[in-house]
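Asker: final-v6.tsv (TSV, C-alpha atoms) pasted underneath:
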chain	number	residue	atom	x	y	z
A	84	MET	CA	52.07	-13.28	-53.20
A	85	GLU	CA	49.56	-11.68	-55.49
A	86	PHE	CA	49.88	-11.27	-59.26
A	87	ILE	CA	49.16	-7.63	-60.08
A	88	GLY	CA	50.60	-7.28	-63.57
A	89	TRP	CA	53.23	-8.02	-66.13
A	90	TYR	CA	55.84	-6.19	-68.20
A	91	THR	CA	57.28	-6.12	-71.69
A	92	VAL	CA	59.65	-4.02	-73.80
A	93	SER	CA	57.87	-1.97	-76.46
A	94	LEU	CA	57.08	1.58	-77.48
A	95	HIS	CA	53.32	1.21	-76.89
A	96	PRO	CA	50.66	-1.50	-76.40
A	97	THR	CA	49.76	-3.60	-79.44
A	98	ALA	CA	47.17	-6.23	-80.36
A	99	SER	CA	49.65	-8.90	-79.23
A	100	HIS	CA	49.70	-7.34	-75.77
A	101	ILE	CA	45.90	-7.51	-75.60
A	102	ALA	CA	46.03	-11.23	-76.47
A	103	LEU	CA	48.56	-11.83	-73.68
A	104	GLN	CA	46.53	-9.69	-71.30
A	105	ASN	CA	43.51	-11.93	-71.87
A	106	GLN	CA	45.59	-14.95	-70.84
A	107	PHE	CA	46.77	-13.22	-67.64
A	108	THR	CA	43.20	-12.55	-66.47
A	109	ALA	CA	43.15	-16.14	-65.25
A	110	TYR	CA	45.57	-15.01	-62.49
A	111	SER	CA	44.22	-11.53	-61.81
A	112	SER	CA	40.94	-9.91	-62.80
A	113	ASN	CA	42.56	-6.66	-63.95
A	114	PRO	CA	46.36	-7.02	-64.32
A	115	LEU	CA	48.44	-3.93	-65.05
A	116	LEU	CA	50.80	-3.73	-68.00
A	117	LEU	CA	54.19	-2.08	-67.47
A	118	ILE	CA	56.03	-1.20	-70.67
A	119	LEU	CA	59.77	-0.61	-70.58
A	120	GLN	CA	60.44	1.75	-73.46
A	121	SER	CA	63.68	1.10	-75.26
A	122	GLY	CA	64.49	4.10	-77.38
A	123	GLY	CA	68.24	3.88	-77.90
A	124	ALA	CA	71.08	5.99	-76.54
A	125	SER	CA	69.62	9.41	-77.41
A	126	ALA	CA	66.33	8.63	-75.67
A	127	LEU	CA	68.21	7.33	-72.62
A	128	THR	CA	70.28	10.53	-72.43
A	129	GLN	CA	67.11	12.64	-72.59
A	130	GLN	CA	65.43	10.56	-69.87
A	131	ILE	CA	68.48	10.91	-67.60
A	132	GLU	CA	68.46	14.68	-68.08
A	133	ASN	CA	64.71	14.83	-67.34
A	134	GLN	CA	65.01	12.34	-64.44
A	135	ALA	CA	62.25	10.25	-66.05
A	136	LEU	CA	62.07	6.47	-65.96
A	137	PRO	CA	61.63	4.82	-69.37
A	138	ILE	CA	58.40	3.12	-68.31
A	139	LYS	CA	54.68	3.56	-68.82
A	140	VAL	CA	51.91	1.85	-66.85
A	141	TYR	CA	48.67	0.79	-68.51
A	142	GLU	CA	45.37	-0.40	-67.11
A	143	PRO	CA	43.17	-2.65	-69.25
A	144	THR	CA	39.68	-1.51	-70.10
A	145	VAL	CA	36.88	-2.29	-72.52
A	146	GLU	CA	35.66	0.37	-74.92
A	147	ILE	CA	32.17	0.18	-76.40
A	148	ARG	CA	31.52	1.97	-79.69
A	149	GLU	CA	28.61	1.46	-82.03
A	150	ARG	CA	27.44	-1.57	-80.02
A	151	LYS	CA	30.81	-3.29	-80.38
A	152	SER	CA	33.30	-3.78	-77.60
A	153	ARG	CA	37.06	-3.94	-77.82
A	154	SER	CA	39.81	-4.37	-75.26
A	155	MET	CA	42.34	-1.58	-74.95
A	156	PHE	CA	44.86	-0.08	-72.53
A	157	ILE	CA	44.68	3.32	-70.87
A	158	GLU	CA	47.88	4.91	-69.61
A	159	VAL	CA	47.81	5.65	-65.89
A	160	GLY	CA	50.08	7.88	-63.88
A	161	TYR	CA	52.45	6.47	-61.31
A	162	LYS	CA	54.74	7.55	-58.51
A	163	VAL	CA	57.82	5.58	-57.54
A	164	GLU	CA	58.57	5.49	-53.83
A	165	THR	CA	61.82	4.18	-52.41
A	166	GLY	CA	63.07	3.71	-48.90
A	167	GLU	CA	66.35	4.69	-47.30
A	168	ALA	CA	67.90	1.28	-48.11
A	169	GLU	CA	67.32	1.78	-51.84
A	170	ARG	CA	68.79	5.30	-51.78
A	171	ILE	CA	71.91	4.05	-49.97
A	172	ALA	CA	72.33	1.15	-52.42
A	173	VAL	CA	71.98	3.42	-55.46
A	174	ASP	CA	74.39	5.98	-54.01
A	175	TRP	CA	76.93	3.26	-53.10
A	176	THR	CA	76.64	1.66	-56.55
A	177	SER	CA	76.95	4.99	-58.39
A	178	LYS	CA	80.26	5.60	-56.57
A	179	GLY	CA	81.66	2.27	-57.70
A	180	GLY	CA	81.00	0.23	-54.57
A	181	ALA	CA	83.56	-0.63	-51.91
A	182	GLY	CA	86.25	-2.04	-54.19
A	183	GLY	CA	85.65	0.00	-57.30
A	184	GLY	CA	84.25	-3.05	-59.12
A	185	SER	CA	80.81	-3.53	-60.50
A	186	CYS	CA	77.85	-4.38	-58.33
A	187	MET	CA	74.36	-5.46	-59.19
A	188	CYS	CA	71.80	-4.37	-56.61
A	189	LEU	CA	68.20	-5.56	-56.61
A	190	SER	CA	65.64	-3.50	-54.76
A	191	VAL	CA	61.90	-3.40	-54.56
A	192	LEU	CA	60.29	-0.20	-55.79
A	193	TRP	CA	56.67	0.38	-54.85
A	194	VAL	CA	54.71	1.88	-57.71
A	195	HIS	CA	51.49	3.68	-56.80
A	196	TYR	CA	49.03	4.55	-59.54
How does this structure look as structure tokens?
Answerer:
Amino acid sequence: MEFIGWYTVSLHPTASHIALQNQFTAYSSNPLLLILQSGGASALTQQIENQALPIKVYEPTVEIRERKSRSMFIEVGYKVETGEAERIAVDWTSKGGAGGGSCMCLSVLWVHY
């Protein structure tokens, strides 16, 4: 397996995220940061209506201004692709599963940026 990035829950990247990012470069030269945005019930309702996932993907970069450099994150676009197995599992789960009980399904989603 290859380490390609890490995730956290936040509204946006902070200085703490840059410090963590620097530690992760020991495992990958340019790890991505995925931020799960927790915005409460109203934000979740809006995201469901817009069919948007509450995530943002960031790529680390170094900015040079006035002969000084600083680490920062740049938001990158992404596209989530799923296979037929994931669509069946989500459909089955949304209908309550076979016995009407709860089910926790884990699938792999490929994110292309």
Asker: Pull the neighbourhood of (64.4, 2.4, -68.8) for me: all residues within 6 Å in file coordinates, counting all atoms listed in the file, as a PyMOL selection string.
Answerer: chain A and resi 119+136-137
Asker: Put those residues in a file: C-alpha atoms, as a CSV table (one decimal), keeping the file's coordinate frame.
Answerer:
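Written output follows (selection-v6.csv):
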chain,number,residue,atom,x,y,z
A,119,LEU,CA,59.8,-0.6,-70.6
A,136,LEU,CA,62.1,6.5,-66.0
A,137,PRO,CA,61.6,4.8,-69.4
Asker: Taking 6 positions as the minimum chain separation for residues in the same chain, which residues sit within 10 Å of Thr91 of chain A when counting only C-alpha atoms? Answer as number ranges by chain.
Answerer: A: 100, 116-120, 138
Asker: Any idea what the distance is between atom CA of Thr108 of chain A and atom CA of Ser152 of chain A?
Answerer: 17.3 Å
Asker: Between atom CA of His95 of chain A and atom CA of Arg148 of chain A, what is the spacing in Å?
Answerer: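 It comes out at 22.0 Å.
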Asker: With distances taken over only C-alpha atoms, which of A:Ala168, A:Thr97, A:Asp174, A:Gly88 is nearest to Met155 of chain A?
Answerer: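 Smallest distance to Met155 of chain A is found for A:Thr97.
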Asker: By how many Å are atom CA of Ala98 of chain A and atom CA of Arg153 of chain A apart?
Answerer: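 Separating atom CA of Ala98 of chain A from atom CA of Arg153 of chain A is a distance of 10.7 Å.
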Asker: Would you kindly return, as a VMD selection string, each protein, DNA or RNA residue with an atom no farther than 7 Å from any atom of Glu158 of chain A, considering all atoms listed in the file and excluding same-chain residues fewer than 6 positions away?
Answerer: chain A and resid 139 to 142
Asker: Go ahead and dump the residues you just picked, C-alpha atoms, as a compact mmCIF listing (two decimals), keeping the file's coordinate frame.
Answerer:
# COMPACT_ATOMS: atom_id res chain seq x y z
CA LYS A 139 54.68 3.56 -68.82
CA VAL A 140 51.91 1.85 -66.85
CA TYR A 141 48.67 0.79 -68.51
CA GLU A 142 45.37 -0.40 -67.11
Asker: Using all atoms listed in the file for the distances, tell me which of A:Val163, A:Glu169, A:Pro96, A:Tyr110 is nearest to Met84 of chain A.
Answerer: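 Under the stated criterion, the closest residue is A:Tyr110.
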Asker: Find the residues with any atom within 12 Å of (36.6, -4.2, -74.6); use only C-alpha atoms and the coordinates as given in the file, and write the answer as a list in words.
Answerer: Ile101, Ala102, Gln104, Asn105, Pro143, Thr144, Val145, Glu146, Ile147, Arg148, Arg150, Lys151, Ser152, Arg153, Ser154, Met155, Phe156 and Ile157 of chain A
